[in-house]
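S.K.: Sharing structure21.cif here; it has mmCIF, C-alpha atoms.
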data_target
loop_
_atom_site.group_PDB
_atom_site.id
_atom_site.type_symbol
_atom_site.label_atom_id
_atom_site.label_comp_id
_atom_site.auth_asym_id
_atom_site.auth_seq_id
_atom_site.Cartn_x
_atom_site.Cartn_y
_atom_site.Cartn_z
ATOM 1 C CA MET A 57 -63.064 25.054 35.842
ATOM 2 C CA ILE A 58 -60.979 24.123 32.830
ATOM 3 C CA PRO A 59 -62.569 25.463 29.606
ATOM 4 C CA ARG A 60 -63.596 22.553 27.419
ATOM 5 C CA GLY A 61 -62.333 24.224 24.257
ATOM 6 C CA GLY A 62 -58.848 24.718 25.680
ATOM 7 C CA PHE A 63 -58.718 21.146 26.901
ATOM 8 C CA ASP A 64 -59.864 19.739 23.548
ATOM 9 C CA ARG A 65 -57.151 21.677 21.669
ATOM 10 C CA TYR A 66 -54.527 20.435 24.106
ATOM 11 C CA ALA A 67 -55.742 16.829 23.932
ATOM 12 C CA ARG A 68 -55.847 16.972 20.138
ATOM 13 C CA ALA A 69 -52.245 18.258 19.997
ATOM 14 C CA LEU A 70 -51.043 15.418 22.241
ATOM 15 C CA GLY A 71 -53.019 12.884 20.211
ATOM 16 C CA ILE A 72 -51.572 14.024 16.881
ATOM 17 C CA ASN A 73 -48.103 14.010 18.409
ATOM 18 C CA ALA A 74 -48.618 10.410 19.566
ATOM 19 C CA ASP A 75 -49.845 9.366 16.114
ATOM 20 C CA LEU A 76 -46.799 10.892 14.425
ATOM 21 C CA LEU A 77 -44.479 9.251 16.931
ATOM 22 C CA GLN A 78 -45.990 5.815 16.335
ATOM 23 C CA ALA A 79 -45.534 6.249 12.583
ATOM 24 C CA ALA A 80 -41.925 7.353 13.091
ATOM 25 C CA VAL A 81 -41.175 4.310 15.257
ATOM 26 C CA ALA A 82 -42.678 1.990 12.622
ATOM 27 C CA GLN A 83 -40.515 3.658 9.961
ATOM 28 C CA ALA A 84 -37.425 3.315 12.143
ATOM 29 C CA ILE A 85 -37.991 -0.413 12.503
ATOM 30 C CA ASP A 86 -38.504 -0.746 8.743
ATOM 31 C CA GLU A 87 -35.206 1.053 8.151
ATOM 32 C CA CYS A 88 -33.447 -1.465 10.383
ATOM 33 C CA ALA A 89 -34.446 -4.346 8.104
ATOM 34 C CA GLY A 90 -31.409 -6.481 7.382
ATOM 35 C CA LEU A 91 -29.791 -5.795 10.760
ATOM 36 C CA TYR A 92 -29.576 -8.520 13.402
ATOM 37 C CA GLY A 93 -28.464 -9.098 16.947
ATOM 38 C CA GLU A 94 -26.424 -6.418 18.681
ATOM 39 C CA GLU A 95 -26.201 -4.301 15.527
ATOM 40 C CA LEU A 96 -30.000 -4.143 15.299
ATOM 41 C CA TYR A 97 -30.361 -3.385 19.001
ATOM 42 C CA ARG A 98 -27.850 -0.529 18.985
ATOM 43 C CA ALA A 99 -29.182 1.090 15.817
ATOM 44 C CA LEU A 100 -32.782 0.919 16.991
ATOM 45 C CA ALA A 101 -31.927 2.062 20.522
ATOM 46 C CA ARG A 102 -30.234 5.211 19.182
ATOM 47 C CA THR A 103 -33.115 6.069 16.879
ATOM 48 C CA TYR A 104 -35.765 5.272 19.473
ATOM 49 C CA ALA A 105 -34.140 7.483 22.129
ATOM 50 C CA ALA A 106 -33.931 10.351 19.643
ATOM 51 C CA LEU A 107 -37.591 9.954 18.644
ATOM 52 C CA VAL A 108 -38.821 9.847 22.251
ATOM 53 C CA ALA A 109 -36.802 12.975 23.056
ATOM 54 C CA LYS A 110 -38.076 14.789 19.964
ATOM 55 C CA PHE A 111 -41.757 13.979 20.331
ATOM 56 C CA GLY A 112 -41.543 14.137 24.110
ATOM 57 C CA SER A 113 -40.333 17.715 23.758
ATOM 58 C CA PHE A 114 -43.380 18.467 21.585
ATOM 59 C CA ALA A 115 -45.660 16.963 24.258
ATOM 60 C CA ALA A 116 -43.951 19.027 26.953
ATOM 61 C CA ALA A 117 -44.347 22.182 24.857
ATOM 62 C CA ALA A 118 -48.084 21.515 24.486
ATOM 63 C CA ALA A 119 -48.326 20.973 28.255
ATOM 64 C CA VAL A 120 -46.525 24.269 28.953
ATOM 65 C CA GLU A 121 -48.889 26.122 26.628
ATOM 66 C CA PHE A 122 -51.920 24.553 28.299
ATOM 67 C CA TYR A 123 -50.611 25.192 31.809
ATOM 68 C CA ALA A 124 -49.813 28.824 30.987
ATOM 69 C CA ALA A 125 -53.302 29.358 29.541
ATOM 70 C CA MET A 126 -54.973 27.847 32.617
ATOM 71 C CA ARG A 127 -52.813 29.966 34.910
ATOM 72 C CA SER A 128 -53.482 33.137 32.952
ATOM 73 C CA GLY A 129 -57.212 32.509 33.081
ATOM 74 C CA ALA A 130 -57.136 31.944 36.839
ATOM 75 C CA GLY A 131 -54.954 34.983 37.528
ATOM 76 C CA PRO A 132 -53.204 33.928 40.743
ATOM 77 C CA ALA A 133 -51.470 36.718 42.633
ATOM 78 C CA GLN A 134 -48.052 35.044 42.630
ATOM 79 C CA GLY A 135 -45.923 35.323 39.524
ATOM 80 C CA TYR A 136 -44.551 32.209 37.825
ATOM 81 C CA GLU A 137 -43.216 31.262 34.377
ATOM 82 C CA PRO A 138 -44.024 27.649 33.436
ATOM 83 C CA ARG A 139 -41.340 25.582 31.737
ATOM 84 C CA GLN A 140 -40.742 22.126 30.313
ATOM 85 C CA PHE A 141 -39.691 19.268 32.583
ATOM 86 C CA ASP A 142 -37.829 16.088 31.636
ATOM 87 C CA PRO A 143 -39.279 12.826 33.024
ATOM 88 C CA GLY A 144 -35.812 11.275 33.294
ATOM 89 C CA HIS A 145 -36.530 7.993 31.523
ATOM 90 C CA GLY A 146 -32.830 7.085 31.491
ATOM 91 C CA GLY A 147 -32.125 3.410 30.947
ATOM 92 C CA LEU A 148 -35.807 2.586 30.558
ATOM 93 C CA LEU A 149 -35.540 3.461 26.866
ATOM 94 C CA ALA A 150 -32.910 0.792 26.259
ATOM 95 C CA SER A 151 -35.093 -1.662 28.161
ATOM 96 C CA ASP A 152 -38.026 -0.726 25.924
ATOM 97 C CA VAL A 153 -36.058 -1.696 22.818
ATOM 98 C CA ASP A 154 -34.823 -4.941 24.327
ATOM 99 C CA GLU A 155 -38.375 -5.830 25.390
ATOM 100 C CA ALA A 156 -39.808 -4.999 21.962
ATOM 101 C CA LEU A 157 -37.237 -7.080 20.086
ATOM 102 C CA ARG A 158 -38.260 -10.083 22.181
ATOM 103 C CA ASN A 159 -41.921 -9.499 21.277
ATOM 104 C CA SER A 160 -43.634 -11.281 18.387
ATOM 105 C CA ALA A 161 -44.834 -7.866 17.166
ATOM 106 C CA PRO A 162 -41.851 -5.589 17.858
ATOM 107 C CA ALA A 163 -43.133 -2.561 15.923
ATOM 108 C CA ALA A 164 -46.420 -2.446 17.829
ATOM 109 C CA ALA A 165 -44.716 -3.089 21.171
ATOM 110 C CA LEU A 166 -42.120 -0.354 20.711
ATOM 111 C CA ALA A 167 -44.670 2.137 19.371
ATOM 112 C CA ALA A 168 -46.816 1.562 22.463
ATOM 113 C CA ARG A 169 -43.857 2.184 24.756
ATOM 114 C CA ALA A 170 -42.881 5.270 22.758
ATOM 115 C CA VAL A 171 -46.298 6.839 23.345
ATOM 116 C CA GLN A 172 -46.035 6.050 27.065
ATOM 117 C CA ARG A 173 -42.599 7.703 27.280
ATOM 118 C CA ALA A 174 -43.499 10.764 25.207
ATOM 119 C CA MET A 175 -46.684 11.379 27.173
ATOM 120 C CA GLY A 176 -44.475 11.136 30.247
ATOM 121 C CA TYR A 177 -42.973 14.468 29.202
ATOM 122 C CA ALA A 178 -46.427 16.067 29.427
ATOM 123 C CA ASP A 179 -46.954 14.406 32.826
ATOM 124 C CA ALA A 180 -43.605 15.641 34.130
ATOM 125 C CA THR A 181 -44.274 19.151 32.836
ATOM 126 C CA ILE A 182 -47.721 19.466 34.395
ATOM 127 C CA GLN A 183 -46.569 17.867 37.659
ATOM 128 C CA GLY A 184 -43.265 19.749 37.800
ATOM 129 C CA ASN A 185 -44.879 23.132 37.261
ATOM 130 C CA ALA A 186 -47.678 22.376 39.717
ATOM 131 C CA MET A 187 -45.066 21.600 42.376
ATOM 132 C CA ALA A 188 -42.816 24.582 41.586
ATOM 133 C CA ASP A 189 -45.606 27.119 41.090
ATOM 134 C CA PRO A 190 -46.359 29.092 44.291
ATOM 135 C CA ALA A 191 -50.055 28.856 43.361
ATOM 136 C CA HIS A 192 -49.830 25.018 43.667
ATOM 137 C CA PRO A 193 -52.756 23.963 41.447
ATOM 138 C CA ARG A 194 -54.198 20.473 41.680
ATOM 139 C CA TRP A 195 -53.886 18.171 38.718
ATOM 140 C CA ALA A 196 -55.489 15.051 37.303
ATOM 141 C CA LEU A 197 -55.153 12.436 34.580
ATOM 142 C CA VAL A 198 -58.233 12.646 32.368
ATOM 143 C CA PRO A 199 -59.032 9.396 30.498
ATOM 144 C CA HIS A 200 -59.184 9.684 26.722
ATOM 145 C CA ALA A 201 -62.068 8.342 24.665
ATOM 146 C CA GLY A 202 -61.955 4.547 24.702
ATOM 147 C CA ALA A 203 -59.530 4.442 27.644
ATOM 148 C CA CYS A 204 -58.901 1.096 29.316
ATOM 149 C CA ASP A 205 -60.482 0.144 32.631
ATOM 150 C CA TRP A 206 -57.290 0.867 34.560
ATOM 151 C CA CYS A 207 -57.108 4.421 33.226
ATOM 152 C CA ARG A 208 -60.770 4.970 33.984
ATOM 153 C CA MET A 209 -60.100 3.874 37.545
ATOM 154 C CA ILE A 210 -57.243 6.393 37.825
ATOM 155 C CA GLY A 211 -59.509 9.039 36.292
ATOM 156 C CA SER A 212 -62.126 8.317 38.940
ATOM 157 C CA ARG A 213 -59.846 9.855 41.556
ATOM 158 C CA GLY A 214 -60.357 13.332 40.115
ATOM 159 C CA PHE A 215 -58.192 16.326 41.022
ATOM 160 C CA VAL A 216 -56.533 14.750 44.034
ATOM 161 C CA PHE A 217 -52.892 15.067 43.029
ATOM 162 C CA LYS A 218 -50.612 17.754 44.446
ATOM 163 C CA SER A 219 -47.177 16.247 43.840
ATOM 164 C CA SER A 220 -45.462 13.807 41.516
ATOM 165 C CA ALA A 221 -45.307 11.282 44.338
ATOM 166 C CA THR A 222 -49.085 11.022 44.555
ATOM 167 C CA ALA A 223 -49.588 9.787 41.021
ATOM 168 C CA GLY A 224 -46.280 8.486 39.823
ATOM 169 C CA ALA A 225 -46.104 5.706 37.305
ATOM 170 C CA GLU A 226 -49.791 5.541 36.452
ATOM 171 C CA ARG A 227 -49.267 5.524 32.686
ATOM 172 C CA HIS A 228 -49.000 2.233 30.769
ATOM 173 C CA PRO A 229 -47.826 1.472 27.188
ATOM 174 C CA SER A 230 -49.911 3.316 24.549
ATOM 175 C CA CYS A 231 -51.730 5.334 27.252
ATOM 176 C CA ARG A 232 -52.999 8.699 26.002
ATOM 177 C CA CYS A 233 -54.688 10.000 29.146
ATOM 178 C CA ILE A 234 -54.316 13.764 29.445
ATOM 179 C CA PRO A 235 -52.544 15.418 32.401
ATOM 180 C CA VAL A 236 -54.262 18.683 33.377
ATOM 181 C CA ALA A 237 -53.963 21.332 36.080
ATOM 182 C CA ASP A 238 -56.700 23.519 37.523
ATOM 183 C CA PHE A 239 -56.118 26.578 39.717
ATOM 184 C CA SER A 240 -59.666 26.947 41.034
ATOM 185 C CA ASP A 241 -60.790 26.016 44.544
ATOM 186 C CA SER A 242 -63.193 23.494 43.004
ATOM 187 C CA PRO A 243 -61.258 22.062 40.031
ATOM 188 C CA ALA A 244 -63.384 20.540 37.285
ATOM 189 C CA LEU A 245 -63.614 19.884 33.568
ATOM 190 C CA ASP A 246 -66.878 19.858 31.659
ATOM 191 C CA GLY A 247 -67.649 16.281 30.636
ATOM 192 C CA TYR A 248 -65.173 14.761 33.096
ATOM 193 C CA ASP A 249 -67.158 13.009 35.841
ATOM 194 C CA PRO A 250 -64.864 11.175 38.310
ATOM 195 C CA ALA A 251 -67.837 9.897 40.340
ATOM 196 C CA ALA A 252 -69.363 8.208 37.297
ATOM 197 C CA LEU A 253 -66.008 6.664 36.389
ATOM 198 C CA TYR A 254 -65.676 5.382 39.946
ATOM 199 C CA ASP A 255 -69.081 3.693 39.896
ATOM 200 C CA GLU A 256 -68.316 2.196 36.496
ATOM 201 C CA TYR A 257 -64.969 0.644 37.354
ATOM 202 C CA ARG A 258 -66.161 -0.632 40.749
ATOM 203 C CA ALA A 259 -69.087 -2.395 39.072
ATOM 204 C CA LYS A 260 -66.814 -4.034 36.501
ATOM 205 C CA HIS A 261 -63.800 -4.788 38.715
ATOM 206 C CA PRO A 262 -64.627 -5.288 42.390
ATOM 207 C CA GLU A 263 -61.354 -7.232 42.707
ATOM 208 C CA TRP A 264 -59.346 -4.041 42.120
ATOM 209 C CA GLY A 265 -60.139 -2.562 45.497
ATOM 210 C CA SER A 266 -61.167 1.018 46.096
ATOM 211 C CA HIS A 267 -59.512 4.310 46.873
ATOM 212 C CA ARG A 268 -62.670 5.166 48.828
ATOM 213 C CA THR A 269 -63.077 1.949 50.798
ATOM 214 C CA GLY A 270 -59.432 1.027 51.206
ATOM 215 C CA SER A 271 -58.992 2.734 54.580
ATOM 216 C CA ARG A 272 -62.114 1.057 55.938
ATOM 217 C CA ALA A 273 -60.880 -2.321 54.652
ATOM 218 C CA ARG A 274 -57.545 -1.831 56.390
ATOM 219 C CA ARG A 275 -59.194 -0.907 59.678
ATOM 220 C CA SER A 276 -61.109 -4.205 59.541
ATOM 221 C CA GLY A 277 -57.881 -6.055 58.832
ATOM 222 C CA LYS A 278 -58.923 -7.004 55.294
ATOM 223 C CA VAL A 279 -56.998 -5.884 52.225
ATOM 224 C CA VAL A 280 -58.424 -6.403 48.747
ATOM 225 C CA ALA A 281 -56.014 -8.173 46.386
ATOM 226 C CA ALA A 282 -54.752 -6.245 43.378
ATOM 227 C CA PHE A 283 -54.081 -7.612 39.890
ATOM 228 C CA VAL A 284 -51.540 -5.431 38.096
ATOM 229 C CA ASP A 285 -49.417 -6.197 35.023
ATOM 230 C CA GLY A 286 -50.526 -9.823 35.188
ATOM 231 C CA LYS A 287 -49.427 -10.223 38.796
ATOM 232 C CA ARG A 288 -51.488 -10.751 41.941
ATOM 233 C CA PHE A 289 -50.627 -8.828 45.103
ATOM 234 C CA GLY A 290 -52.498 -9.875 48.218
ATOM 235 C CA SER A 291 -50.596 -7.859 50.809
ATOM 236 C CA ILE A 292 -48.000 -5.173 51.384
ATOM 237 C CA GLY A 293 -45.499 -7.983 51.866
ATOM 238 C CA ASP A 294 -46.214 -9.285 48.371
ATOM 239 C CA ILE A 295 -45.426 -5.870 46.917
ATOM 240 C CA GLN A 296 -42.256 -5.453 48.965
ATOM 241 C CA ARG A 297 -40.984 -8.906 48.000
ATOM 242 C CA TYR A 298 -41.662 -8.086 44.359
ATOM 243 C CA MET A 299 -39.577 -4.907 44.661
ATOM 244 C CA GLU A 300 -36.783 -6.788 46.428
ATOM 245 C CA GLY A 301 -36.464 -8.998 43.348
ATOM 246 C CA ALA A 302 -35.097 -6.095 41.268
ATOM 247 C CA SER A 303 -31.843 -6.935 39.481
ATOM 248 C CA SER A 304 -30.808 -3.412 38.430
ATOM 249 C CA PRO A 305 -31.720 0.259 39.062
ATOM 250 C CA ASP A 306 -33.848 0.309 35.901
ATOM 251 C CA ASP A 307 -35.568 -2.912 36.916
ATOM 252 C CA LEU A 308 -36.254 -1.371 40.341
ATOM 253 C CA LYS A 309 -37.788 1.699 38.711
ATOM 254 C CA ALA A 310 -40.060 -0.491 36.589
ATOM 255 C CA ARG A 311 -41.022 -2.599 39.594
ATOM 256 C CA MET A 312 -41.812 0.525 41.599
ATOM 257 C CA ALA A 313 -44.214 1.575 38.853
ATOM 258 C CA THR A 314 -46.054 -1.721 39.230
ATOM 259 C CA ALA A 315 -45.854 -1.496 43.035
ATOM 260 C CA ASN A 316 -47.386 1.983 43.051
ATOM 261 C CA ARG A 317 -50.250 0.848 40.848
ATOM 262 C CA ALA A 318 -50.842 -2.193 43.035
ATOM 263 C CA GLY A 319 -50.886 -0.099 46.190
ATOM 264 C CA LEU A 320 -53.359 2.366 44.722
ATOM 265 C CA ALA A 321 -55.611 -0.462 43.551
ATOM 266 C CA MET A 322 -55.523 -1.913 47.068
ATOM 267 C CA GLY A 323 -56.643 1.417 48.480
ATOM 268 C CA PHE A 324 -53.426 2.627 50.129
ATOM 269 C CA GLN A 325 -53.111 6.395 49.906
ATOM 270 C CA PRO A 326 -49.957 8.539 49.472
ATOM 271 C CA GLY A 327 -48.545 9.560 52.845
ATOM 272 C CA SER A 328 -49.932 6.434 54.524
ATOM 273 C CA PRO A 329 -47.735 3.975 56.458
ATOM 274 C CA TYR A 330 -47.869 1.806 53.318
ATOM 275 C CA ALA A 331 -46.309 4.549 51.207
ATOM 276 C CA LYS A 332 -43.567 5.103 53.772
ATOM 277 C CA SER A 333 -42.747 1.401 54.026
ATOM 278 C CA LEU A 334 -42.652 1.166 50.238
ATOM 279 C CA ALA A 335 -40.193 4.068 50.091
ATOM 280 C CA GLN A 336 -38.032 2.418 52.741
ATOM 281 C CA THR A 337 -38.005 -0.834 50.797
ATOM 282 C CA ALA A 338 -37.054 0.990 47.600
ATOM 283 C CA ALA A 339 -34.228 2.809 49.392
ATOM 284 C CA GLY A 340 -32.885 -0.471 50.758
ATOM 285 C CA VAL A 341 -33.006 -2.203 47.392
ATOM 286 C CA SER A 342 -31.399 0.805 45.698
ATOM 287 C CA LYS A 343 -28.546 0.777 48.223
ATOM 288 C CA ARG A 344 -28.008 -2.947 47.659
ATOM 289 C CA LEU A 345 -27.926 -2.558 43.883
ATOM 290 C CA SER A 346 -25.516 0.407 44.002
ATOM 291 C CA ALA A 347 -23.112 -1.622 46.135
ATOM 292 C CA LYS A 348 -22.805 -4.323 43.481
#
Output the structure of this file as structure tokens.
M.R.:
Amino acid sequence: MIPRGGFDRYARALGINADLLQAAVAQAIDECAGLYGEELYRALARTYAALVAKFGSFAAAAAVEFYAAMRSGAGPAQGYEPRQFDPGHGGLLASDVDEALRNSAPAAALAARAVQRAMGYADATIQGNAMADPAHPRWALVPHAGACDWCRMIGSRGFVFKSSATAGAERHPSCRCIPVADFSDSPALDGYDPAALYDEYRAKHPEWGSHRTGSRARRSGKVVAAFVDGKRFGSIGDIQRYMEGASSPDDLKARMATANRAGLAMGFQPGSPYAKSLAQTAAGVSKRLSAK
């Protein structure tokens, strides 16, 4: 079990880091006052990328410290030295700036994306180490206080993740859910009750589907529609067609994030035929885009 005190210190460090990043993004936008058009975009894009890298590195460092403490406490026989991992945001950062500048509240929009990207460094570090570590701990995303319904649904899945593929792209703008790893045979965190979260989100959002009932629904030939990022997906075909509409590699990556969330909400599990068909669709679209 993860000690509550260690988790709280880790969560507090990530929270403070997110607060400081949001303030830095707001200051960066203020400093761009008087710039317009391409000049504004380029100046803000440079500063934003630097801020995400800086505060993302802090988040990754906090994740390494937490992971090392959990590993030391568990004492697995195999040796391993945890390290920081880069989430590889790439061109998504430029897209974040472009999206924010089209928003009626650009500072708030960009600050929300910045938190998402910086927390992605903690995700990548926990996931990357869990995959590379010979002890192979399980990991989870623990909803923060006041988390949205979507995050509470993800939290209801508990310690089910064993690779980056099984939980990729769960995080949304401004999300502060905490990635954790547990080396015990029965991973747990005091105060974190996935079953209660499951009952809560199912009562509030029956239209989201269920990671527990999804397989039964598929066997009966019925798939529950998913509503993700303002879009309705009623079938695997809907998700595949959405992915096929990608206009660039970065757009494909963003669409895959939405597709993964839709699939999970519809009850399709990693490793299922759905996941394989989704990967095949992504590979086909990627090949088409690279040939342009």
S.K.: Step by step, work through what the PyMOL selection byres ((chain A and resi 112-127) around 8) selects in the shown file, and finish by giving those residues as an MDAnalysis selection string.
M.R.: chainID A and resid 58 62:63 66 69:70 73 107:111 128:132 137:141 173:178 180:182 236:239
S.K.: Could you list, as a PyMOL selection string, every residue within 8 Å of Arg311 in chain A, counting all atoms listed in the file and ignoring same-chain residues fewer than 5 positions away?
M.R.: chain A and resi 298-299+302
S.K.: What is the CA of His200 in chain A-CA of Cys233 in chain A distance in Å, reported with one decimal?
M.R.: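 Going from CA of His200 in chain A over to CA of Cys233 in chain A, I get 5.1 Å.
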S.K.: Residues near Met312 in chain A, anyone? I mean within 9 Å using all atoms listed in the file, not counting same-chain ones fewer than 3 positions away, as a list in words.
M.R.: Ala225, Met299, Asp307, Leu308, Lys309, Ala315, Asn316, Arg317, Leu334 and Ala338 of chain A
S.K.: What does the file look like for those residues with C-alpha atoms, as a PDB file, in the coordinates of the input?
M.R.:
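Okay, selection-v2.pdb is ready:
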ATOM      1  CA  ALA A 225     -46.104   5.706  37.305  1.00  0.00           C
ATOM      2  CA  MET A 299     -39.577  -4.907  44.661  1.00  0.00           C
ATOM      3  CA  ASP A 307     -35.568  -2.912  36.916  1.00  0.00           C
ATOM      4  CA  LEU A 308     -36.254  -1.371  40.341  1.00  0.00           C
ATOM      5  CA  LYS A 309     -37.788   1.699  38.711  1.00  0.00           C
ATOM      6  CA  ALA A 315     -45.854  -1.496  43.035  1.00  0.00           C
ATOM      7  CA  ASN A 316     -47.386   1.983  43.051  1.00  0.00           C
ATOM      8  CA  ARG A 317     -50.250   0.848  40.848  1.00  0.00           C
ATOM      9  CA  LEU A 334     -42.652   1.166  50.238  1.00  0.00           C
ATOM     10  CA  ALA A 338     -37.054   0.990  47.600  1.00  0.00           C
TER      11      ALA A 338
END
S.K.: Could you tell me which of A:Arg232, A:Arg169, A:Arg208, A:Arg194 comes closest to Arg68 in chain A if we count all atoms listed in the file?
M.R.: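 With all atoms listed in the file as the atom set, the closest residue is A:Arg232.
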S.K.: Starting from the displayed file, determine the output of the PyMOL selection byres ((chain A and resi 235) around 6) and express the residue list as a ChimeraX atom specification.
M.R.: /A:179,196-197,234,236
S.K.: Keeping only C-alpha atoms, write the selected residues to a file as an mmCIF file, in the coordinates of the input.
M.R.:
data_model
loop_
_atom_site.group_PDB
_atom_site.id
_atom_site.type_symbol
_atom_site.label_atom_id
_atom_site.label_comp_id
_atom_site.auth_asym_id
_atom_site.auth_seq_id
_atom_site.Cartn_x
_atom_site.Cartn_y
_atom_site.Cartn_z
ATOM 1 C CA ASP A 179 -46.954 14.406 32.826
ATOM 2 C CA ALA A 196 -55.489 15.051 37.303
ATOM 3 C CA LEU A 197 -55.153 12.436 34.580
ATOM 4 C CA ILE A 234 -54.316 13.764 29.445
ATOM 5 C CA VAL A 236 -54.262 18.683 33.377
#
S.K.: Could you check the closest approach to Ala163 in chain A for each of A:Met322, A:Ala79, A:Ala67, A:Ala101 and tell me which residue wins, using all atoms listed in the file?
M.R.: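 The closest residue to Ala163 in chain A is A:Ala79.
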S.K.: Kindly give the distance, in Å, that separates CA of Arg65 in chain A and CA of Ala80 in chain A, rounded to a single decimal.
M.R.: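 We find that CA of Arg65 in chain A and CA of Ala80 in chain A lie 22.6 Å from each other.
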S.K.: Please compute the CA of Val171 in chain A-CA of Pro229 in chain A distance, one decimal, in Å.
M.R.: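 So the two atoms, CA of Val171 in chain A and CA of Pro229 in chain A, lie 6.8 Å apart.
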S.K.: Using the chain letters and residue numbers of this document, give as a PDB file with C-alpha atoms, keeping the file's coordinate frame the residues selected by the PyMOL selection byres ((chain A and resi 205) around 9).
M.R.:
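Okay, this is what ended up in selection.pdb:
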ATOM      1  CA  ALA A 203     -59.530   4.442  27.644  1.00  0.00           C
ATOM      2  CA  CYS A 204     -58.901   1.096  29.316  1.00  0.00           C
ATOM      3  CA  TRP A 206     -57.290   0.867  34.560  1.00  0.00           C
ATOM      4  CA  CYS A 207     -57.108   4.421  33.226  1.00  0.00           C
ATOM      5  CA  ARG A 208     -60.770   4.970  33.984  1.00  0.00           C
ATOM      6  CA  MET A 209     -60.100   3.874  37.545  1.00  0.00           C
ATOM      7  CA  ILE A 210     -57.243   6.393  37.825  1.00  0.00           C
ATOM      8  CA  GLU A 256     -68.316   2.196  36.496  1.00  0.00           C
ATOM      9  CA  TYR A 257     -64.969   0.644  37.354  1.00  0.00           C
ATOM     10  CA  LYS A 260     -66.814  -4.034  36.501  1.00  0.00           C
ATOM     11  CA  HIS A 261     -63.800  -4.788  38.715  1.00  0.00           C
TER      12      HIS A 261
END
